Number of protein chains: 2
Amino acid sequence: MWLAPRAVSVKASVAVKALTPTNPKQVVDSLEKCEAAYAAIKQQGLKLDMTRGKPSSEQLDLANELTSVLAPTDYKAADGTDARNYGGLDGLPEMKAIFAELLETAPANVIVGGASSLTMMHDAVVRGLLHGVPDGDGPWLKSKIKFLCPAPGYDRHFAICQQHGIEMINIDLDSSGPDMATVEKLVAADASIKGMWCVPKYSNPTGETYSAAVVERLASMPTAAPDFRLFWDNAYVVHDLYDTTDPLLEILAECAKAGKPNRPLEFASTSKISFAGAGVAVMAASPANVADAKKHLAIQTIGPDKLNQLRHVRFFKNAAGVKAHMQKHAALLRPKFDAVTRIFERELGGSGLAAWTKPRGGYFVSLDTLDGCAKEVVSLANQAGVKLTAAGATFPYGKDPRDRNIRVAPSLPPLDQIRAAMEIVCVCVGLASIRKLLA
Amino acid sequence: MWLAPRAVSVKASVAVKALTPTNPKQVVDSLEKCEAAYAAIKQQGLKLDMTRGKPSSEQLDLANELTSVLAPTDYKAADGTDARNYGGLDGLPEMKAIFAELLETAPANVIVGGASSLTMMHDAVVRGLLHGVPDGDGPWLKSKIKFLCPAPGYDRHFAICQQHGIEMINIDLDSSGPDMATVEKLVAADASIKGMWCVPKYSNPTGETYSAAVVERLASMPTAAPDFRLFWDNAYVVHDLYDTTDPLLEILAECAKAGKPNRPLEFASTSKISFAGAGVAVMAASPANVADAKKHLAIQTIGPDKLNQLRHVRFFKNAAGVKAHMQKHAALLRPKFDAVTRIFERELGGSGLAAWTKPRGGYFVSLDTLDGCAKEVVSLANQAGVKLTAAGATFPYGKDPRDRNIRVAPSLPPLDQIRAAMEIVCVCVGLASIRKLLA
């Protein structure tokens, strides 16, 4: 059960902003204020959930017509394919065209999949393990392999590696992308590094976008492994919150230009465009990678659900239709993201206790506490009725080496509940930080 | 372009029925008649395709309302799940209930997948290779493994093995199922035999159903491998052509009764019930197998397309609805199957040149020529404008050791074209057989 926001509004700022770690008296005062505020919150028995990177019901409503857009006799694709029947390994031409335009590449580079880009990524890793990839010398699992993992990142990427015994190496991320000096040094020296997870635009969870310089370096850097792959999860390619978009260089073209056409495997889906559980996913890659994937896909399936593709084609019509639809999502999401960062600013701004991102797109806000405080903040919030993503979840093996990152997911809950939850989180940050400073 | 049937009707019977291989004069006469008939057919430049085990357009039409059955606001499952959003690894409860009833098992044994049971089978094999299965001692790919392959069988099963380096062992099939004496001997002696492909009902391509005795022996036979698995592709579970159904023992219960609950992995789908390219697939298995599969599925996907499940639930309502729908399919398919076997009987009956199955369900008729004639028949038919499934395709590695099996797929073409094609095939059988006998 959710409560109305004002009922739990607590001026954590009173405690937090007053904090000057060099002044013991003030610290103790702040601690007392925070503890009082926290005790008051706990008594309210709230139940707020900020863990899920899921679209809200209102966002899903935007595409409700999708379920009935196909008339009973509307099953023929433009090339005459009967979308109800078997066949068509890589998707209907018109669905490929939409994805190609959204990803700024050619339809021939596109394989349309089922409903899940996660599945396409998982299966691409599994194919590499069992069979290898173009430019390589056979199955990856012939020896121990490693992936570079910019972190904080997407926990499900890391889970794929962990499940398959792929060693993960943390790479720091800043506002322009991964720490390229470290990346370049590692991949140049170690042929067992076969892959790197990237969420290049509105990264999960930081919301940052890779700079042009970073993309160019990723595309052109020498790698000891001839079959090194960028797993380029462009999950938020059209997921802007504001009128402007973060520019991102198109990875297939950049890699081709650098003479490494087979380096990137790009993924995306309509999960956060149409329906999260019933969208359409896509992989884009070089001709050699597409041919290789299709060779294996032909063994795994007779083809993806083409009626759902046709449904999406009829509903969105074209790439411009997708982009127009995303503006409606943005209108629903923007106030929620604004609320999160505004409350962080109001309650924690200038305190020196936390830093956070102000994403211009995507699905998450990333909150960094003082080192060693994230687990405690999540635990305190949890006890006060606010569920946060487990601390560490955004890092390989679930271990945040500095125990400071917290992923905040504002898309699902209503605005008033987000406000309430964030104010509580700020109190928890204050309390955990001061306790840490006094310890 | 198809031609009308009578235009190509050729009395192969004249040639074939006259054949008495012990009488050289008659044989030569028959050869001349067959060659004349074949030459006449070739001149007509026909284009007939009997290769595809696909539903016809008329069959697909039966489910056209499926595409529009969901109203824009109809997205909630019975348990309150929003089918549009993420989540739900093993399917909506009401979809699980329908599959459980059709497969005569409990909903708890059911995992609903995406659109393709082939994908579920492929992925189950891959999980075994990479991670092993319950009762085993780790990944199957730690050593060379083998699968038993009743043959003729489904080429896509064999392709999964071939792609992954799993050695295939042919097992003969008769009208009651696989040659159990050989199966029992092999699995008892060889721990590297980890699996066996079975299409137990209306088998692809023979149309035969495993007898109760065969199923009991498969369920209870001792195996050297503790983690031996029956890949039980129950693709034609409700695909009867006539009012009666071939009885088939329920494999999960039989194996449990025999103390081997984890032995079977059962698969099915609505591909040949609703839409071949946009149906819903299912795996059924023991609690241990279900738990194991879900552990891995949780890494591979956030969940299958629940809206398509809901669409199927609304359209079919329940298992009885599915069965009623299948009677409509049978009404369309029955005349086509009848035509195939009637023409075989008329043109080849009593000739001793061929044997064929008379399926009571499923999607195929299996034609056996004299040994060493199948490739030649397919080639002759092809030159005369009738495309048949490649000879050998129904055997592991594409090699029919006796070169005699031809799979006939009557579902897709219209009835008149089936008649025309079958008459030509009979001429080709006559021609190839006589040439062989004279060689």
# chains A, B, ... in the order shown; residues from 1 in each chain; ligands from 1
>>> residues_around(residues="Asn204 of chain A", least_positions_apart="2", cutoff="8 Å", atoms="only C-alpha atoms", output="JSON, numbers by chain")
{"A": [152, 153, 154, 199, 202, 206, 207, 362, 363, 364]}
>>> interface_residues(of="chain A", to="chain B", cutoff="8 Å", atoms="only C-alpha atoms", output="ChimeraX atom specification")
/A:54-55,60,64-73,83-87,114-116,118-119,122-123,130,156,159-160,163-164,275-279,299-308
>>> write_last_selection(atoms="N, CA and C atoms", output="short mmCIF file (atom, residue, chain, number, x, y, z; two decimals), in the first residue's frame")
data_model
loop_
_atom_site.label_atom_id
_atom_site.label_comp_id
_atom_site.auth_asym_id
_atom_site.auth_seq_id
_atom_site.Cartn_x
_atom_site.Cartn_y
_atom_site.Cartn_z
N LYS A 54 10.90 -1.03 -15.11
CA LYS A 54 9.76 -1.40 -15.96
C LYS A 54 8.98 -0.17 -16.37
N PRO A 55 8.40 -0.17 -17.55
CA PRO A 55 7.49 0.92 -17.91
C PRO A 55 6.28 0.91 -16.99
N LEU A 60 2.53 1.88 -20.96
CA LEU A 60 2.05 0.75 -21.76
C LEU A 60 0.73 1.10 -22.46
N ASN A 64 -1.69 0.62 -26.49
CA ASN A 64 -2.77 -0.37 -26.37
C ASN A 64 -3.40 -0.76 -27.71
N GLU A 65 -3.42 0.18 -28.64
CA GLU A 65 -4.04 -0.13 -29.93
C GLU A 65 -3.26 -1.20 -30.70
N LEU A 66 -2.03 -1.40 -30.28
CA LEU A 66 -1.19 -2.43 -30.93
C LEU A 66 -1.86 -3.80 -30.90
N THR A 67 -2.57 -4.10 -29.82
CA THR A 67 -3.13 -5.45 -29.68
C THR A 67 -4.26 -5.72 -30.67
N SER A 68 -4.87 -4.67 -31.17
CA SER A 68 -5.99 -4.90 -32.09
C SER A 68 -5.78 -4.26 -33.45
N VAL A 69 -4.53 -3.85 -33.72
CA VAL A 69 -4.29 -3.12 -34.96
C VAL A 69 -4.38 -4.01 -36.20
N LEU A 70 -4.14 -5.32 -36.01
CA LEU A 70 -4.23 -6.24 -37.15
C LEU A 70 -5.66 -6.71 -37.33
N ALA A 71 -6.23 -6.42 -38.47
CA ALA A 71 -7.53 -7.00 -38.80
C ALA A 71 -7.34 -8.49 -39.06
N PRO A 72 -8.42 -9.28 -38.89
CA PRO A 72 -8.28 -10.73 -39.09
C PRO A 72 -7.71 -11.13 -40.45
N THR A 73 -7.87 -10.29 -41.44
CA THR A 73 -7.35 -10.66 -42.77
C THR A 73 -6.06 -9.92 -43.11
N ALA A 83 2.49 -13.83 -42.81
CA ALA A 83 3.13 -13.70 -41.50
C ALA A 83 2.62 -14.74 -40.51
N ARG A 84 1.53 -15.43 -40.85
CA ARG A 84 1.00 -16.44 -39.95
C ARG A 84 1.76 -17.75 -40.06
N ASN A 85 2.44 -17.95 -41.16
CA ASN A 85 3.04 -19.26 -41.43
C ASN A 85 4.52 -19.31 -41.05
N TYR A 86 5.12 -20.48 -41.19
CA TYR A 86 6.53 -20.67 -40.91
C TYR A 86 7.39 -19.83 -41.84
N GLY A 87 8.65 -19.61 -41.40
CA GLY A 87 9.64 -19.06 -42.30
C GLY A 87 10.07 -17.66 -41.97
N GLY A 114 12.88 -12.44 -31.60
CA GLY A 114 11.63 -12.57 -30.89
C GLY A 114 11.37 -11.33 -30.06
N ALA A 115 10.87 -11.53 -28.85
CA ALA A 115 10.47 -10.39 -28.03
C ALA A 115 11.61 -9.82 -27.20
N SER A 116 12.75 -10.51 -27.13
CA SER A 116 13.73 -10.13 -26.12
C SER A 116 15.13 -9.93 -26.67
N LEU A 118 17.59 -9.35 -24.70
CA LEU A 118 18.42 -10.08 -23.75
C LEU A 118 18.69 -11.50 -24.27
N THR A 119 17.65 -12.12 -24.80
CA THR A 119 17.81 -13.46 -25.36
C THR A 119 18.78 -13.44 -26.54
N HIS A 122 22.27 -13.11 -25.01
CA HIS A 122 22.62 -14.38 -24.37
C HIS A 122 23.00 -15.41 -25.43
N ASP A 123 22.17 -15.51 -26.45
CA ASP A 123 22.40 -16.53 -27.47
C ASP A 123 23.66 -16.22 -28.29
N LEU A 130 30.22 -21.89 -27.90
CA LEU A 130 30.11 -23.24 -28.48
C LEU A 130 30.74 -23.35 -29.86
N ARG A 156 21.98 -7.87 -15.77
CA ARG A 156 21.70 -9.06 -16.58
C ARG A 156 22.82 -9.35 -17.60
N ALA A 159 25.21 -11.22 -15.44
CA ALA A 159 24.69 -12.56 -15.11
C ALA A 159 24.98 -13.56 -16.23
N ILE A 160 24.90 -13.10 -17.48
CA ILE A 160 25.21 -13.99 -18.61
C ILE A 160 26.66 -14.48 -18.51
N GLN A 163 27.08 -16.87 -15.39
CA GLN A 163 26.47 -18.17 -15.65
C GLN A 163 27.36 -19.06 -16.51
N HIS A 164 28.12 -18.45 -17.38
CA HIS A 164 28.90 -19.23 -18.34
C HIS A 164 30.40 -19.23 -18.04
N PHE A 275 5.57 -2.74 -25.88
CA PHE A 275 5.26 -3.48 -24.66
C PHE A 275 6.51 -4.21 -24.17
N ALA A 276 6.79 -4.09 -22.89
CA ALA A 276 8.01 -4.68 -22.33
C ALA A 276 8.01 -6.19 -22.46
N GLY A 277 6.83 -6.79 -22.40
CA GLY A 277 6.78 -8.24 -22.45
C GLY A 277 6.38 -8.79 -23.81
N ALA A 278 6.15 -7.93 -24.77
CA ALA A 278 5.63 -8.42 -26.05
C ALA A 278 6.07 -7.52 -27.19
N GLY A 279 7.32 -7.11 -27.13
CA GLY A 279 7.86 -6.25 -28.18
C GLY A 279 8.60 -7.06 -29.22
N ILE A 299 19.31 -23.38 -37.11
CA ILE A 299 19.25 -24.63 -36.34
C ILE A 299 18.34 -24.45 -35.12
N GLN A 300 18.29 -23.24 -34.60
CA GLN A 300 17.57 -22.96 -33.35
C GLN A 300 16.09 -22.67 -33.55
N THR A 301 15.72 -22.19 -34.73
CA THR A 301 14.34 -21.76 -34.91
C THR A 301 13.95 -21.79 -36.38
N ILE A 302 12.64 -21.86 -36.64
CA ILE A 302 12.18 -21.74 -38.02
C ILE A 302 11.93 -20.26 -38.33
N GLY A 303 11.94 -19.46 -37.29
CA GLY A 303 11.76 -18.02 -37.50
C GLY A 303 11.03 -17.38 -36.34
N PRO A 304 11.20 -16.08 -36.16
CA PRO A 304 10.53 -15.37 -35.06
C PRO A 304 9.06 -15.08 -35.40
N ASP A 305 8.34 -14.56 -34.43
CA ASP A 305 6.91 -14.25 -34.56
C ASP A 305 6.73 -13.07 -35.53
N LYS A 306 6.34 -13.39 -36.76
CA LYS A 306 6.22 -12.34 -37.77
C LYS A 306 4.92 -11.54 -37.64
N LEU A 307 3.90 -12.15 -37.04
CA LEU A 307 2.65 -11.39 -36.85
C LEU A 307 2.88 -10.24 -35.87
N ASN A 308 3.71 -10.48 -34.86
CA ASN A 308 3.98 -9.39 -33.92
C ASN A 308 4.80 -8.29 -34.59
#
>>> closest_residue(among="A:Asn262, A:Gln383, A:Asn318, A:Thr244", to="Ala219 of chain A", atoms="only C-alpha atoms")
A:Asn262
>>> residues_around(residues="segment 332-342 of chain A", least_positions_apart="3", cutoff="7 Å", atoms="only C-alpha atoms", output="ChimeraX atom specification")
/A:241,328-329,345-346,358,410-411,415,419,422
>>> select_by_dssp(residues="segment 151-375 of chain A", states="strand (DSSP E or B)", output="ChimeraX atom specification")
/A:151,167-174,177-178,193-198,229-233,240,264-269,281-285,354-356,361,365-369
>>> select_by_dssp(residues="segment 24-127 of chain A", states="alpha helix (DSSP H)", output="PyMOL selection string")
chain A and resi 24-42+57-61+93-102+117-127
>>> atom_distance(atom1="atom CA of Asn405 of chain B", atom2="atom CA of Ile41 of chain B")
23.0 Å
>>> residues_around(residues="segment 47-50 of chain A", least_positions_apart="4", cutoff="7 Å", atoms="only C-alpha atoms", output="short mmCIF file (atom, residue, chain, number, x, y, z; two decimals) with N, CA and C atoms, in the first residue's frame")
data_model
loop_
_atom_site.label_atom_id
_atom_site.label_comp_id
_atom_site.auth_asym_id
_atom_site.auth_seq_id
_atom_site.Cartn_x
_atom_site.Cartn_y
_atom_site.Cartn_z
N MET A 1 0.84 -1.21 0.00
CA MET A 1 0.00 0.00 0.00
C MET A 1 0.87 1.26 0.00
N TRP A 2 0.55 2.18 -0.88
CA TRP A 2 1.30 3.43 -0.97
C TRP A 2 0.59 4.51 -0.15
N GLY A 385 10.75 0.80 4.55
CA GLY A 385 9.66 0.54 3.60
C GLY A 385 9.93 0.96 2.17
N VAL A 386 11.18 1.34 1.86
CA VAL A 386 11.50 1.71 0.48
C VAL A 386 12.45 0.66 -0.11
N LYS A 387 11.94 -0.10 -1.05
CA LYS A 387 12.79 -1.12 -1.68
C LYS A 387 13.65 -0.48 -2.77
N LEU A 388 14.97 -0.66 -2.63
CA LEU A 388 15.90 -0.19 -3.66
C LEU A 388 16.61 -1.41 -4.25
N VAL A 408 18.59 3.88 -9.10
CA VAL A 408 17.22 4.33 -8.82
C VAL A 408 16.40 4.22 -10.11
N ALA A 409 15.26 3.55 -10.02
CA ALA A 409 14.42 3.29 -11.20
C ALA A 409 13.10 4.03 -11.06
N PRO A 410 12.97 5.20 -11.67
CA PRO A 410 11.76 6.01 -11.43
C PRO A 410 10.60 5.76 -12.39
N GLN A 417 4.69 8.89 -5.22
CA GLN A 417 5.41 7.84 -4.50
C GLN A 417 6.92 7.95 -4.73
N ALA A 421 9.58 8.34 -1.75
CA ALA A 421 10.69 7.39 -1.63
C ALA A 421 12.02 8.11 -1.65
#
>>> residues_around(residues="Val322 of chain B", least_positions_apart="5", cutoff="10 Å", atoms="only C-alpha atoms", output="PyMOL selection string")
chain B and resi 98-99+102+238+270+273-274+312-313+315-317+327
>>> write_last_selection(atoms="N, CA and C atoms", output="short mmCIF file (atom, residue, chain, number, x, y, z; two decimals), in the first residue's frame")
data_model
loop_
_atom_site.label_atom_id
_atom_site.label_comp_id
_atom_site.auth_asym_id
_atom_site.auth_seq_id
_atom_site.Cartn_x
_atom_site.Cartn_y
_atom_site.Cartn_z
N ILE B 98 -4.05 -24.76 -19.93
CA ILE B 98 -4.48 -25.35 -21.21
C ILE B 98 -3.45 -26.37 -21.68
N PHE B 99 -2.18 -25.99 -21.67
CA PHE B 99 -1.15 -26.94 -22.12
C PHE B 99 -1.11 -28.18 -21.22
N LEU B 102 -3.86 -30.50 -22.25
CA LEU B 102 -3.58 -31.13 -23.55
C LEU B 102 -2.50 -32.21 -23.42
N VAL B 238 -2.45 -33.33 -30.55
CA VAL B 238 -3.90 -33.22 -30.80
C VAL B 238 -4.18 -33.12 -32.30
N THR B 270 1.59 -24.65 -30.37
CA THR B 270 0.37 -24.42 -31.14
C THR B 270 0.69 -24.06 -32.59
N ILE B 273 -1.64 -25.48 -34.71
CA ILE B 273 -2.97 -25.36 -34.13
C ILE B 273 -3.51 -23.95 -34.43
N SER B 274 -2.72 -22.94 -34.04
CA SER B 274 -3.13 -21.56 -34.34
C SER B 274 -2.36 -21.08 -35.57
N HIS B 312 -4.12 -16.37 -27.17
CA HIS B 312 -4.49 -17.77 -27.37
C HIS B 312 -5.53 -18.23 -26.34
N VAL B 313 -5.37 -17.77 -25.12
CA VAL B 313 -6.34 -18.14 -24.08
C VAL B 313 -7.72 -17.60 -24.43
N PHE B 315 -8.87 -16.86 -27.37
CA PHE B 315 -9.40 -17.46 -28.60
C PHE B 315 -9.87 -18.89 -28.36
N PHE B 316 -9.04 -19.70 -27.70
CA PHE B 316 -9.37 -21.12 -27.53
C PHE B 316 -10.20 -21.38 -26.26
N LYS B 317 -10.06 -20.48 -25.28
CA LYS B 317 -10.77 -20.56 -24.00
C LYS B 317 -10.22 -21.67 -23.12
N GLN B 327 -10.50 -30.25 -34.99
CA GLN B 327 -11.41 -30.98 -35.90
C GLN B 327 -11.59 -30.22 -37.21
#
>>> closest_residue(among="B:Tyr236, B:Phe228, B:Phe395, B:Trp356", to="Lys260 of chain B", atoms="only C-alpha atoms")
B:Phe228
>>> residues_around(residues="segment 172-178 of chain B", least_positions_apart="5", cutoff="6 Å", atoms="only C-alpha atoms", output="mmCIF file with N, CA, C and O atoms, in the first residue's frame")
data_model
loop_
_atom_site.group_PDB
_atom_site.id
_atom_site.type_symbol
_atom_site.label_atom_id
_atom_site.label_comp_id
_atom_site.auth_asym_id
_atom_site.auth_seq_id
_atom_site.Cartn_x
_atom_site.Cartn_y
_atom_site.Cartn_z
ATOM 1 N N PRO B 150 15.712 -42.457 -33.677
ATOM 2 C CA PRO B 150 14.791 -43.250 -34.481
ATOM 3 C C PRO B 150 14.653 -42.597 -35.855
ATOM 4 O O PRO B 150 14.443 -41.375 -35.938
ATOM 5 N N ALA B 151 14.799 -43.412 -36.894
ATOM 6 C CA ALA B 151 14.806 -42.846 -38.241
ATOM 7 C C ALA B 151 14.067 -43.783 -39.202
ATOM 8 O O ALA B 151 14.157 -45.001 -39.059
ATOM 9 N N GLU B 208 3.288 -42.853 -37.487
ATOM 10 C CA GLU B 208 2.992 -43.915 -36.526
ATOM 11 C C GLU B 208 3.046 -43.389 -35.088
ATOM 12 O O GLU B 208 3.675 -42.373 -34.814
ATOM 13 N N TYR B 210 3.806 -44.440 -30.956
ATOM 14 C CA TYR B 210 4.470 -45.438 -30.112
ATOM 15 C C TYR B 210 3.426 -46.238 -29.323
ATOM 16 O O TYR B 210 2.511 -45.662 -28.718
ATOM 17 N N SER B 211 3.599 -47.541 -29.281
ATOM 18 C CA SER B 211 2.669 -48.394 -28.534
ATOM 19 C C SER B 211 2.887 -48.229 -27.030
ATOM 20 O O SER B 211 3.932 -47.716 -26.591
#
>>> residues_around(residues="Lys42 of chain B", least_positions_apart="6", cutoff="12 Å", atoms="only C-alpha atoms", output="number ranges by chain")
B: 8, 10, 35-36, 380-386, 424, 427-428
>>> write_last_selection(atoms="N, CA, C and O atoms", output="PDB file, in the first residue's frame")
ATOM      1  N   VAL B   8      -2.335 -33.439 -65.926  1.00  0.00           N
ATOM      2  CA  VAL B   8      -1.101 -34.206 -65.739  1.00  0.00           C
ATOM      3  C   VAL B   8      -1.385 -35.637 -65.299  1.00  0.00           C
ATOM      4  O   VAL B   8      -0.495 -36.364 -64.925  1.00  0.00           O
ATOM      5  N   VAL B  10      -1.511 -39.228 -65.320  1.00  0.00           N
ATOM      6  CA  VAL B  10      -0.842 -40.223 -66.150  1.00  0.00           C
ATOM      7  C   VAL B  10      -1.026 -41.581 -65.498  1.00  0.00           C
ATOM      8  O   VAL B  10      -0.791 -41.738 -64.308  1.00  0.00           O
ATOM      9  N   GLU B  35       8.796 -44.868 -69.224  1.00  0.00           N
ATOM     10  CA  GLU B  35       9.596 -43.807 -69.839  1.00  0.00           C
ATOM     11  C   GLU B  35       8.737 -42.916 -70.721  1.00  0.00           C
ATOM     12  O   GLU B  35       8.913 -41.702 -70.739  1.00  0.00           O
ATOM     13  N   ALA B  36       7.813 -43.526 -71.414  1.00  0.00           N
ATOM     14  CA  ALA B  36       6.905 -42.733 -72.245  1.00  0.00           C
ATOM     15  C   ALA B  36       6.045 -41.822 -71.376  1.00  0.00           C
ATOM     16  O   ALA B  36       5.869 -40.627 -71.663  1.00  0.00           O
ATOM     17  N   LEU B 380      14.137 -37.645 -60.348  1.00  0.00           N
ATOM     18  CA  LEU B 380      13.227 -37.726 -61.497  1.00  0.00           C
ATOM     19  C   LEU B 380      12.025 -36.807 -61.316  1.00  0.00           C
ATOM     20  O   LEU B 380      11.620 -36.092 -62.240  1.00  0.00           O
ATOM     21  N   ALA B 381      11.462 -36.842 -60.118  1.00  0.00           N
ATOM     22  CA  ALA B 381      10.292 -36.006 -59.841  1.00  0.00           C
ATOM     23  C   ALA B 381      10.650 -34.531 -59.992  1.00  0.00           C
ATOM     24  O   ALA B 381       9.904 -33.743 -60.584  1.00  0.00           O
ATOM     25  N   ASN B 382      11.800 -34.182 -59.474  1.00  0.00           N
ATOM     26  CA  ASN B 382      12.269 -32.805 -59.543  1.00  0.00           C
ATOM     27  C   ASN B 382      12.385 -32.352 -60.996  1.00  0.00           C
ATOM     28  O   ASN B 382      11.919 -31.273 -61.367  1.00  0.00           O
ATOM     29  N   GLN B 383      12.967 -33.216 -61.834  1.00  0.00           N
ATOM     30  CA  GLN B 383      13.119 -32.880 -63.260  1.00  0.00           C
ATOM     31  C   GLN B 383      11.762 -32.776 -63.946  1.00  0.00           C
ATOM     32  O   GLN B 383      11.631 -32.090 -64.963  1.00  0.00           O
ATOM     33  N   ALA B 384      10.784 -33.459 -63.379  1.00  0.00           N
ATOM     34  CA  ALA B 384       9.436 -33.400 -63.961  1.00  0.00           C
ATOM     35  C   ALA B 384       8.590 -32.311 -63.308  1.00  0.00           C
ATOM     36  O   ALA B 384       7.386 -32.231 -63.526  1.00  0.00           O
ATOM     37  N   GLY B 385       9.219 -31.478 -62.486  1.00  0.00           N
ATOM     38  CA  GLY B 385       8.518 -30.335 -61.917  1.00  0.00           C
ATOM     39  C   GLY B 385       7.839 -30.584 -60.582  1.00  0.00           C
ATOM     40  O   GLY B 385       7.080 -29.749 -60.097  1.00  0.00           O
ATOM     41  N   VAL B 386       8.124 -31.721 -59.934  1.00  0.00           N
ATOM     42  CA  VAL B 386       7.547 -31.974 -58.607  1.00  0.00           C
ATOM     43  C   VAL B 386       8.662 -31.958 -57.574  1.00  0.00           C
ATOM     44  O   VAL B 386       9.519 -32.848 -57.549  1.00  0.00           O
ATOM     45  N   ILE B 424       2.514 -38.272 -60.575  1.00  0.00           N
ATOM     46  CA  ILE B 424       3.855 -38.157 -61.171  1.00  0.00           C
ATOM     47  C   ILE B 424       4.870 -38.931 -60.335  1.00  0.00           C
ATOM     48  O   ILE B 424       5.729 -39.643 -60.865  1.00  0.00           O
ATOM     49  N   VAL B 427       4.810 -42.528 -61.203  1.00  0.00           N
ATOM     50  CA  VAL B 427       5.528 -42.813 -62.454  1.00  0.00           C
ATOM     51  C   VAL B 427       7.040 -42.853 -62.182  1.00  0.00           C
ATOM     52  O   VAL B 427       7.752 -43.748 -62.649  1.00  0.00           O
ATOM     53  N   CYS B 428       7.509 -41.906 -61.379  1.00  0.00           N
ATOM     54  CA  CYS B 428       8.945 -41.843 -61.072  1.00  0.00           C
ATOM     55  C   CYS B 428       9.371 -43.073 -60.279  1.00  0.00           C
ATOM     56  O   CYS B 428      10.470 -43.600 -60.488  1.00  0.00           O
TER      57      CYS B 428
END
